[in-house]
Structures are given as structure tokens and as C-alpha cells.
Amino acid sequence: MSRVFRRAFSGLVTATLLAASAPGARAAPSAPAAGATYYVDAAQGNDSAAGTDSAHAWRSLARVNQTTFHAGEQLLLRAGGRWSGQLWPKGSGASGAPVTIDRYGDGANPRIDGGGAVADTVRLADQEFWTIRHLEVTNQAPATSTPGANLKDLRGIHVTGTGGRVLHGFVVDGVNVHDVTGEVNWIGGDTADNAPGIHFKTGWDRSKKTGGIVFDSTVANIGAPPATPTVLDGVTIQNSVITNTSFAGISVKQYSGDAPGAVATGWGSRTSAGDSKFTPHTNVVISGNHISQPGTAYGCNGVYLTGVRHAVVERNVVYRAGTSGIEAYFADDVTIQSNEVAETSQKANGADSNGIDADKATTKVVVQYNWSHGNGDGVLLCQFSFGDVVLRYNVLAGNTRYPLYLHSDKAAKAKVYGNTLYNDRGKNLIYGYGTSLASSYDITDNILYSTTAGASLTTSPTIRYDSNLYGGATLPVPAGDTHAVRADPQFTGAPDYAAGTPASGPRLTAAYGLRVRPGSPAVNRGVAISGNGGRDYAGAPLYTGKPDIGAFEVG
């Protein structure tokens, strides 16, 4: 498992809230005592009170935002309370002693509404070692008669920095972030496709930085950046529900310096695998979240990771996102595993609709044990410039365009083995075209099954097929697969396309209908692959006897 899990993460995130029913202006209060716990009650609190017990709670976010917190202290908001504006407590915790934001009492999670009046409903800037738990956060600008006109530079929870140093220890746990009307800014494209709230060709730093939970960095003066970047180290986002937020559900992004008038830094982009300027955020874990965008035409990526190194994205549900369910871009050492990604579609005039995407300049990417269904493309391999990726023991089913889309540049390499691709909705199984066919793809030990006769299996001199099973309707078996198995794989049933809920988490067992029976022609017909992760899609050890073909090891 990635080294991320061997690091101790402490801390959490919080942000700014305008006061509700606050008294008149007050002098800035003194910092709380070490280890103190402070209470905030929107209905019964009093900003003149000490705040140190629930009977003498503060009332407003303005009072909280005046306070500098220290290591080991807690800020507790009363359950059922509701505030408007921004929460931005000041100060930092320490390793092993974060500042913690949480709730107290019975009832619904405390709710903070940005209302589209603040850029960030909850904000931390140049702070470290914070933990944020059990908040409900929104930032929805009022709709107008023109669709998209209310989209702005908005986020729910935002952790950022400009100071040019490493900031450590952030945990966001058990929050509910919903209805964030962030604008959609695309990196490139054609400005002729601009629409209210949607802008193309905005460049790197000005794109894809709005949404539900955003961790990023920038600089105070783009014309005179500091000598070193702000790096966020140790970011955990877990057990949370993110719904109807645009651009993204969760985004982690590093600054690069490409805006007009900016001095280029190269911190967030890569020209080669060894690019010395590349200075990414590190040790990122995104785990156990439910991210869905069914109620917005502008909710694009579920998870967007760019300018990161050592990241794990696991056991999340991403449902009805736009463009890409989970995407890595300008990233190194990323593991995407045991996620369910379902029904990704094109939104906000974007071109893509993939479940998982290993994109430009990504290295040491492992995509394993995922259940990707009902998307446009099940998995997109789009490693422009350079990259390497391993795609293994995933189940891709019911995807409408390309179950596996090969779209990388010549310098990229992909190993694709032990997967089950089940096509019952389209005309393709594995597809690529043009210069992408000069990239190297090793496609081994996969079950390639289609209910549609003649479903495409793209070939080229650099696409190597070996020991795959071709089943269902008649398929054009690549001539280079001299160990091909042409047979009915004998599935035990059929896939279940109902997506996981916040209560259930990823329904990985819904793919178990694509297990094969003990007497299947897939059993004992594969080739052994070293460094294979040691387990199949269902967790069974590899191998039991000779290798089996497909995502499930029978033995």
C-alpha cells in the first residue's frame, strides 16, 4: 500500500463565516488558553460571554473569526444551529495536537450558508494542523432567469496558502457540502463555446478551482512569486457527502504561474518525469466519500487531483459527475482503488464523460479494483506528453461509448491486465485513434465481452494483446494475440447497475455477477504477471494455481 498510510495525519480545515445577530464592533479578543474548548450557539449564545462552556457560548461567526486558536484547542458549534457568511478562524495547531472544529449537542450538523456572498464558506489560509468535522456547508448564489448567470468564484471548504512554505496536517471528516454554484473554467478549448458561467481557454491557474472542497495554493503577487511554493502536506478528506457542487466535488491543485502577467514557476506542471521545478502537494488521501452531481448541469469532476505526489483515492462513490469521475493530471504516485464510479456524462459544454482518467504527465499511477459502470468511457488513458499507468483487476461494464479509451501520447506506457470489460450498451470495447496508437499498451489476461457483434478492438504495432478471452457476440480478435481464448466466459450472473448511496458506500459486489464459474474457459488460461498487487477484484489472493483471465481469480 502507498506510503501515504504510514504517515500520521493530524489537523483539519475551517473557514470564514459572517456573523448572525452579532453585537456591535468589539476589540479583537485575546487568544484562547492552550487546550481550551470554545462553544458557539447561534440561538442562545452571546459574543460577550467567555465561550468556554455551553452555558456561556459565543453566538456569531464574526466572534470566532476574530480569535486565534492554538494547538489542541477545539471549536464546537451547536448541533441544529445555522449561520450565514464565512467561517475563518485563525491560528494553527501542531503535530499531534490539531485545532479541531466539531459539533456539540443533539440534532442536525451545524450549518453554514455562504449564500454566494463569500468566495469560501469555510476558509483556512496559510494555516496548518486543522481538523474539520460534522459541518453542513453550502455556498449557493441565488438563481436568475438566465441559467448559469449565478455561477461565480465559489467554494464550500477552501484550504489555501500563499506564503511559500510547507503546511501540514489537514483532516476533513464527516462533512456534508452541497449546492455550491462555482463557475466552470476550462483550461483550453474554444471561446466560441463560452456560456453564462462557463469559460474556455482560461489557462492553468485560473481553471478548475471552484467546487465543494478545494485544497490549493497560489501567490500574493503573480508578477513576483516567492522563491518557494506553498505545499500542502498530509491532506485527508474522508467519510463525507458532497452533492451538486461545481466545478468539482473535491479538487487538489498546485499553482504554476501561467496567467497573463504572471512569472512562470512550473511548480504545478511537469515537462518531464524528473522535472526539478515540479513541487506538488504531498500525501493526499481521499477515502470513503459519496460525491454526486445529479442536480446540476455544471457539476463536473467528482475528484480532480493535479500537482500532487503520493495520493490514494479509495472506497468512494462518484455518481453522475460531468467530464471525469476521478481524474489525475500532472501527478506522481497515485493509487485509485476500490471506488464505484457511475453515470458520468458530458456537462458544461465539456467533451469527456469518463469514469476514471489517468491524464497528462502522470507517472506511477495504479488504477485497481474499481467498479466503473454506466459512464461514457469506463476508463480513459490520456497520458499526454508522457506517463505510465497500471490498470488491473477492475470491472468496466455498461459504459456507453468506449469501455477502455486509449488516448495517450507516444512517450506513455500502459499495462492493462486482469480486468473484465463487459459491453452491453455500445459498439466498442477498446478504442483509440490517430497518434494515440503510437503509445505502448500491453493488454493481457482480460475478459473482453460484448453483446454487440463486431465491437471494436483497436490495434496498432504498439498495442500488444496477449492471453485475453474474447466472448459474447463475434469479436474481431487481434491477430497478435496468439494465446487468445475464444469462448463463453460463463459468468455467474449479470452486473447490477444500481449505484451506491451515502449509507451503502461503493457497491463493489454489484459486479460479482461477472465472476466466472469454476469450469469457465477463463480458468488457468492466463499468464503470470509479477508485482500484480497480490489480490483480485474481490480480494482473493493471486494466484490460486495457474492464473485465471479476468478480474476474478477462481483457482
# chains A, B, ... in the order shown; residues from 1 in each chain; ligands from 1
call {"tool": "select_by_dssp", "arguments": {"residues": "region 222-380 of chain A", "states": "strand (DSSP E)", "output": "PyMOL selection string"}}
result
chain A and resi 231-238+241-246+248-253+281-287+290-292+303-314+317-319+323-337+340-342+353-358+362-368+371-373+377-380
call {"tool": "residues_around", "arguments": {"residues": "Tyr319 (chain A)", "least_positions_apart": "3", "cutoff": "8 Å", "atoms": "only C-alpha atoms", "output": "short mmCIF file (atom, residue, chain, number, x, y, z; two decimals) with all heavy atoms, in the first residue's frame"}}
result
data_model
loop_
_atom_site.label_atom_id
_atom_site.label_comp_id
_atom_site.auth_asym_id
_atom_site.auth_seq_id
_atom_site.Cartn_x
_atom_site.Cartn_y
_atom_site.Cartn_z
N HIS A 290 -19.00 10.10 -0.55
CA HIS A 290 -20.03 9.96 -1.58
C HIS A 290 -20.15 11.30 -2.28
O HIS A 290 -20.52 12.31 -1.68
CB HIS A 290 -21.37 9.56 -0.96
CG HIS A 290 -22.40 9.18 -1.98
ND1 HIS A 290 -23.15 10.10 -2.67
CD2 HIS A 290 -22.79 7.96 -2.44
CE1 HIS A 290 -23.97 9.47 -3.50
NE2 HIS A 290 -23.76 8.16 -3.39
N ILE A 291 -19.80 11.31 -3.56
CA ILE A 291 -19.74 12.55 -4.35
C ILE A 291 -20.73 12.39 -5.50
O ILE A 291 -20.60 11.47 -6.32
CB ILE A 291 -18.33 12.79 -4.90
CG1 ILE A 291 -17.32 12.81 -3.75
CG2 ILE A 291 -18.27 14.08 -5.70
CD1 ILE A 291 -15.88 12.60 -4.19
N SER A 292 -21.72 13.25 -5.57
CA SER A 292 -22.72 13.13 -6.63
C SER A 292 -23.11 14.51 -7.15
O SER A 292 -23.14 15.48 -6.41
CB SER A 292 -23.96 12.38 -6.13
OG SER A 292 -24.61 13.09 -5.09
N GLN A 293 -23.42 14.55 -8.46
CA GLN A 293 -23.77 15.81 -9.11
C GLN A 293 -25.06 15.68 -9.92
O GLN A 293 -25.16 16.23 -11.02
CB GLN A 293 -22.62 16.24 -10.06
CG GLN A 293 -21.23 16.20 -9.47
CD GLN A 293 -20.90 17.40 -8.62
OE1 GLN A 293 -21.77 17.93 -7.93
NE2 GLN A 293 -19.66 17.85 -8.64
N PRO A 294 -26.07 14.97 -9.44
CA PRO A 294 -27.25 14.74 -10.29
C PRO A 294 -28.11 15.97 -10.51
O PRO A 294 -28.86 16.03 -11.49
CB PRO A 294 -28.02 13.67 -9.51
CG PRO A 294 -27.66 13.90 -8.08
CD PRO A 294 -26.21 14.31 -8.12
N GLY A 302 -15.75 14.65 -10.25
CA GLY A 302 -16.00 14.25 -8.87
C GLY A 302 -14.78 14.50 -8.02
O GLY A 302 -14.84 15.19 -7.00
N GLY A 325 -15.11 11.20 -13.51
CA GLY A 325 -15.42 10.87 -12.12
C GLY A 325 -14.22 11.09 -11.22
O GLY A 325 -14.31 11.78 -10.20
N VAL A 341 -17.65 4.28 -9.70
CA VAL A 341 -17.87 5.49 -10.49
C VAL A 341 -18.96 5.18 -11.50
O VAL A 341 -18.80 4.28 -12.34
CB VAL A 341 -16.60 5.96 -11.19
CG1 VAL A 341 -16.83 7.32 -11.84
CG2 VAL A 341 -15.43 6.05 -10.21
N ALA A 342 -20.06 5.92 -11.45
CA ALA A 342 -21.23 5.57 -12.25
C ALA A 342 -21.85 6.78 -12.92
O ALA A 342 -21.95 7.86 -12.32
CB ALA A 342 -22.27 4.88 -11.37
N GLU A 343 -22.24 6.60 -14.16
CA GLU A 343 -23.08 7.53 -14.92
C GLU A 343 -22.48 8.91 -15.09
O GLU A 343 -23.17 9.94 -15.02
CB GLU A 343 -24.48 7.60 -14.29
CG GLU A 343 -25.17 6.25 -14.26
CD GLU A 343 -26.60 6.30 -13.76
OE1 GLU A 343 -27.27 7.34 -13.97
OE2 GLU A 343 -27.04 5.31 -13.17
N THR A 344 -21.19 8.97 -15.33
CA THR A 344 -20.55 10.23 -15.69
C THR A 344 -21.02 10.64 -17.09
O THR A 344 -21.07 9.81 -18.00
CB THR A 344 -19.02 10.10 -15.68
OG1 THR A 344 -18.61 9.53 -14.44
CG2 THR A 344 -18.36 11.45 -15.88
N ALA A 499 -26.39 2.31 -8.32
CA ALA A 499 -25.19 2.92 -7.71
C ALA A 499 -25.28 2.94 -6.19
O ALA A 499 -26.36 2.94 -5.60
CB ALA A 499 -25.00 4.33 -8.24
#
call {"tool": "closest_residue", "arguments": {"among": "A:Pro403, A:Gly398, A:Gly115, A:Gly550", "to": "Gly432 (chain A)", "atoms": "only C-alpha atoms"}}
result
A:Pro403
call {"tool": "closest_residue", "arguments": {"among": "A:Asp548, A:Asp233, A:Asp359, A:Asp388", "to": "Ile447 (chain A)", "atoms": "only C-alpha atoms"}}
result
A:Asp548
call {"tool": "atom_distance", "arguments": {"atom1": "CA of Val171 (chain A)", "atom2": "CA of Gly322 (chain A)"}}
result
26.1 Å
call {"tool": "closest_atom_pairs", "arguments": {"of": "region 481-512 of chain A", "to": "region 365-372 of chain A", "cutoff": "12 Å", "atoms": "only C-alpha atoms", "output": "Markdown table"}}
result
| residue | atom | partner | partner_atom | distance |
| --- | --- | --- | --- | --- |
| A:Pro495 | CA | A:Trp371 | CA | 10.3 |
| A:Asp496 | CA | A:Trp371 | CA | 10.8 |
| A:Tyr497 | CA | A:Ser372 | CA | 9.7 |
| A:Ala498 | CA | A:Trp371 | CA | 11.6 |
| A:Ala499 | CA | A:Trp371 | CA | 10.0 |
| A:Gly500 | CA | A:Trp371 | CA | 10.7 |
| A:Pro506 | CA | A:Trp371 | CA | 8.4 |
| A:Arg507 | CA | A:Trp371 | CA | 8.2 |
| A:Leu508 | CA | A:Trp371 | CA | 6.0 |
| A:Thr509 | CA | A:Trp371 | CA | 8.9 |
| A:Ala510 | CA | A:Trp371 | CA | 8.4 |
| A:Ala511 | CA | A:Trp371 | CA | 6.9 |
| A:Tyr512 | CA | A:Trp371 | CA | 10.2 |
call {"tool": "residues_around", "arguments": {"residues": "Tyr405 (chain A)", "least_positions_apart": "2", "cutoff": "9 Å", "atoms": "only C-alpha atoms", "output": "mmCIF file with N, CA and C atoms, in the first residue's frame"}}
result
data_model
loop_
_atom_site.group_PDB
_atom_site.id
_atom_site.type_symbol
_atom_site.label_atom_id
_atom_site.label_comp_id
_atom_site.auth_asym_id
_atom_site.auth_seq_id
_atom_site.Cartn_x
_atom_site.Cartn_y
_atom_site.Cartn_z
ATOM 1 N N ASN A 354 -15.843 10.313 -18.740
ATOM 2 C CA ASN A 354 -15.196 9.064 -18.317
ATOM 3 C C ASN A 354 -15.322 8.812 -16.822
ATOM 4 N N ASP A 377 -17.161 6.734 -21.072
ATOM 5 C CA ASP A 377 -15.990 5.858 -21.142
ATOM 6 C C ASP A 377 -15.756 5.274 -19.755
ATOM 7 N N GLY A 378 -15.460 3.967 -19.704
ATOM 8 C CA GLY A 378 -15.187 3.358 -18.406
ATOM 9 C C GLY A 378 -13.910 3.892 -17.800
ATOM 10 N N VAL A 379 -12.812 3.774 -18.561
ATOM 11 C CA VAL A 379 -11.515 4.329 -18.165
ATOM 12 C C VAL A 379 -10.900 4.999 -19.377
ATOM 13 N N LEU A 380 -10.373 6.189 -19.177
ATOM 14 C CA LEU A 380 -9.648 6.928 -20.212
ATOM 15 C C LEU A 380 -8.172 6.958 -19.835
ATOM 16 N N LEU A 381 -7.322 6.467 -20.728
ATOM 17 C CA LEU A 381 -5.873 6.603 -20.585
ATOM 18 C C LEU A 381 -5.449 7.717 -21.523
ATOM 19 N N CYS A 382 -5.180 8.880 -20.956
ATOM 20 C CA CYS A 382 -4.966 10.104 -21.738
ATOM 21 C C CYS A 382 -3.668 10.772 -21.285
ATOM 22 N N ARG A 401 -19.848 4.543 -24.494
ATOM 23 C CA ARG A 401 -19.024 4.900 -25.648
ATOM 24 C C ARG A 401 -17.840 3.945 -25.761
ATOM 25 N N TYR A 402 -16.779 4.160 -24.966
ATOM 26 C CA TYR A 402 -15.604 3.299 -25.018
ATOM 27 C C TYR A 402 -15.348 2.722 -23.622
ATOM 28 N N PRO A 403 -15.580 1.437 -23.411
ATOM 29 C CA PRO A 403 -15.239 0.868 -22.108
ATOM 30 C C PRO A 403 -13.796 1.168 -21.700
ATOM 31 N N HIS A 407 -5.791 6.883 -25.399
ATOM 32 C CA HIS A 407 -5.662 8.235 -25.969
ATOM 33 C C HIS A 407 -4.379 8.924 -25.491
ATOM 34 N N LEU A 429 -15.217 -1.926 -27.526
ATOM 35 C CA LEU A 429 -14.651 -2.473 -26.290
ATOM 36 C C LEU A 429 -13.389 -1.711 -25.914
ATOM 37 N N ILE A 430 -12.420 -1.688 -26.820
ATOM 38 C CA ILE A 430 -11.185 -0.931 -26.625
ATOM 39 C C ILE A 430 -10.991 -0.070 -27.861
ATOM 40 N N TYR A 431 -10.838 1.235 -27.661
ATOM 41 C CA TYR A 431 -10.825 2.150 -28.805
ATOM 42 C C TYR A 431 -9.718 3.184 -28.656
ATOM 43 N N GLY A 432 -9.061 3.479 -29.753
ATOM 44 C CA GLY A 432 -8.103 4.570 -29.848
ATOM 45 C C GLY A 432 -7.977 4.972 -31.299
#
call {"tool": "closest_residue", "arguments": {"among": "A:Phe215, A:Ser95, A:Ala297, A:Gly203", "to": "Ser256 (chain A)", "atoms": "only C-alpha atoms"}}
result
A:Gly203
call {"tool": "residues_around", "arguments": {"residues": "region 534-547 of chain A", "least_positions_apart": "6", "cutoff": "8 Å", "atoms": "only C-alpha atoms", "output": "MDAnalysis selection string"}}
result
chainID A and resid 368:370 393:395 418 509 523:528 553:555
call {"tool": "write_last_selection", "arguments": {"atoms": "N, CA, C and O atoms", "output": "JSON list (two decimals), in the first residue's frame"}}
result
[["chain", "number", "residue", "atom", "x", "y", "z"],
["A", 368, "GLN", "N", -6.91, 0.24, -9.74],
["A", 368, "GLN", "CA", -7.18, -1.17, -9.44],
["A", 368, "GLN", "C", -8.45, -1.32, -8.59],
["A", 368, "GLN", "O", -8.80, -0.46, -7.79],
["A", 369, "TYR", "N", -9.14, -2.45, -8.83],
["A", 369, "TYR", "CA", -10.28, -2.89, -8.02],
["A", 369, "TYR", "C", -11.48, -1.95, -8.08],
["A", 369, "TYR", "O", -12.31, -1.91, -7.18],
["A", 370, "ASN", "N", -11.60, -1.18, -9.16],
["A", 370, "ASN", "CA", -12.69, -0.22, -9.28],
["A", 370, "ASN", "C", -13.86, -0.81, -10.07],
["A", 370, "ASN", "O", -13.68, -1.66, -10.95],
["A", 393, "TYR", "N", -7.40, -5.46, -12.53],
["A", 393, "TYR", "CA", -8.45, -6.03, -11.67],
["A", 393, "TYR", "C", -9.59, -5.05, -11.41],
["A", 393, "TYR", "O", -10.07, -4.91, -10.30],
["A", 394, "ASN", "N", -9.99, -4.38, -12.48],
["A", 394, "ASN", "CA", -11.17, -3.53, -12.46],
["A", 394, "ASN", "C", -12.29, -4.22, -13.24],
["A", 394, "ASN", "O", -12.04, -5.07, -14.10],
["A", 395, "VAL", "N", -13.53, -3.82, -12.97],
["A", 395, "VAL", "CA", -14.67, -4.27, -13.76],
["A", 395, "VAL", "C", -15.30, -3.05, -14.40],
["A", 395, "VAL", "O", -15.71, -2.11, -13.70],
["A", 418, "GLY", "N", -5.82, -8.33, -16.22],
["A", 418, "GLY", "CA", -6.70, -8.86, -15.20],
["A", 418, "GLY", "C", -8.01, -8.11, -15.04],
["A", 418, "GLY", "O", -8.61, -8.15, -13.97],
["A", 509, "THR", "N", -19.74, -5.17, -4.79],
["A", 509, "THR", "CA", -20.26, -6.52, -5.02],
["A", 509, "THR", "C", -21.29, -6.56, -6.14],
["A", 509, "THR", "O", -21.65, -7.64, -6.60],
["A", 523, "VAL", "N", -10.47, -20.00, -16.64],
["A", 523, "VAL", "CA", -9.72, -20.54, -15.50],
["A", 523, "VAL", "C", -8.42, -21.18, -15.98],
["A", 523, "VAL", "O", -8.39, -21.97, -16.93],
["A", 524, "ASN", "N", -7.33, -20.79, -15.32],
["A", 524, "ASN", "CA", -5.99, -21.36, -15.58],
["A", 524, "ASN", "C", -5.47, -21.09, -17.00],
["A", 524, "ASN", "O", -4.58, -21.78, -17.46],
["A", 525, "ARG", "N", -5.99, -20.06, -17.66],
["A", 525, "ARG", "CA", -5.57, -19.78, -19.04],
["A", 525, "ARG", "C", -4.78, -18.48, -19.17],
["A", 525, "ARG", "O", -4.39, -18.11, -20.28],
["A", 526, "GLY", "N", -4.55, -17.79, -18.08],
["A", 526, "GLY", "CA", -3.79, -16.54, -18.16],
["A", 526, "GLY", "C", -2.30, -16.76, -18.05],
["A", 526, "GLY", "O", -1.81, -17.89, -17.94],
["A", 527, "VAL", "N", -1.57, -15.66, -18.07],
["A", 527, "VAL", "CA", -0.12, -15.70, -17.88],
["A", 527, "VAL", "C", 0.21, -14.97, -16.58],
["A", 527, "VAL", "O", -0.42, -13.98, -16.23],
["A", 528, "ALA", "N", 1.18, -15.46, -15.86],
["A", 528, "ALA", "CA", 1.57, -14.85, -14.58],
["A", 528, "ALA", "C", 2.24, -13.51, -14.81],
["A", 528, "ALA", "O", 3.07, -13.36, -15.70],
["A", 553, "GLU", "N", -10.27, -14.20, -9.64],
["A", 553, "GLU", "CA", -9.49, -15.43, -9.60],
["A", 553, "GLU", "C", -10.36, -16.55, -9.04],
["A", 553, "GLU", "O", -10.89, -16.45, -7.92],
["A", 554, "VAL", "N", -10.51, -17.61, -9.82],
["A", 554, "VAL", "CA", -11.33, -18.75, -9.38],
["A", 554, "VAL", "C", -10.47, -19.83, -8.77],
["A", 554, "VAL", "O", -10.78, -20.39, -7.72],
["A", 555, "GLY", "N", -9.34, -20.13, -9.42],
["A", 555, "GLY", "CA", -8.46, -21.16, -8.91],
["A", 555, "GLY", "C", -8.59, -22.44, -9.69],
["A", 555, "GLY", "O", -9.36, -22.58, -10.61]]
call {"tool": "residues_around", "arguments": {"residues": "region 96-108 of chain A", "least_positions_apart": "2", "cutoff": "6 Å", "atoms": "only C-alpha atoms", "output": "VMD selection string"}}
result
chain A and resid 10 to 11 71 to 80 93 to 94 129 to 134
call {"tool": "residues_around", "arguments": {"residues": "region 109-113 of chain A", "least_positions_apart": "6", "cutoff": "9 Å", "atoms": "only C-alpha atoms", "output": "MDAnalysis selection string"}}
result
chainID A and resid 17 77:87 102:103 121:122 134:140 156 175:176
call {"tool": "residues_around", "arguments": {"residues": "Asn150 (chain A)", "least_positions_apart": "5", "cutoff": "8 Å", "atoms": "only C-alpha atoms", "output": "list in words"}}
result
Ala141, Pro142, Ala143, Thr144, Thr181 and Gly197 of chain A
call {"tool": "atom_distance", "arguments": {"atom1": "CA of Asn194 (chain A)", "atom2": "CA of Val308 (chain A)"}}
result
29.1 Å
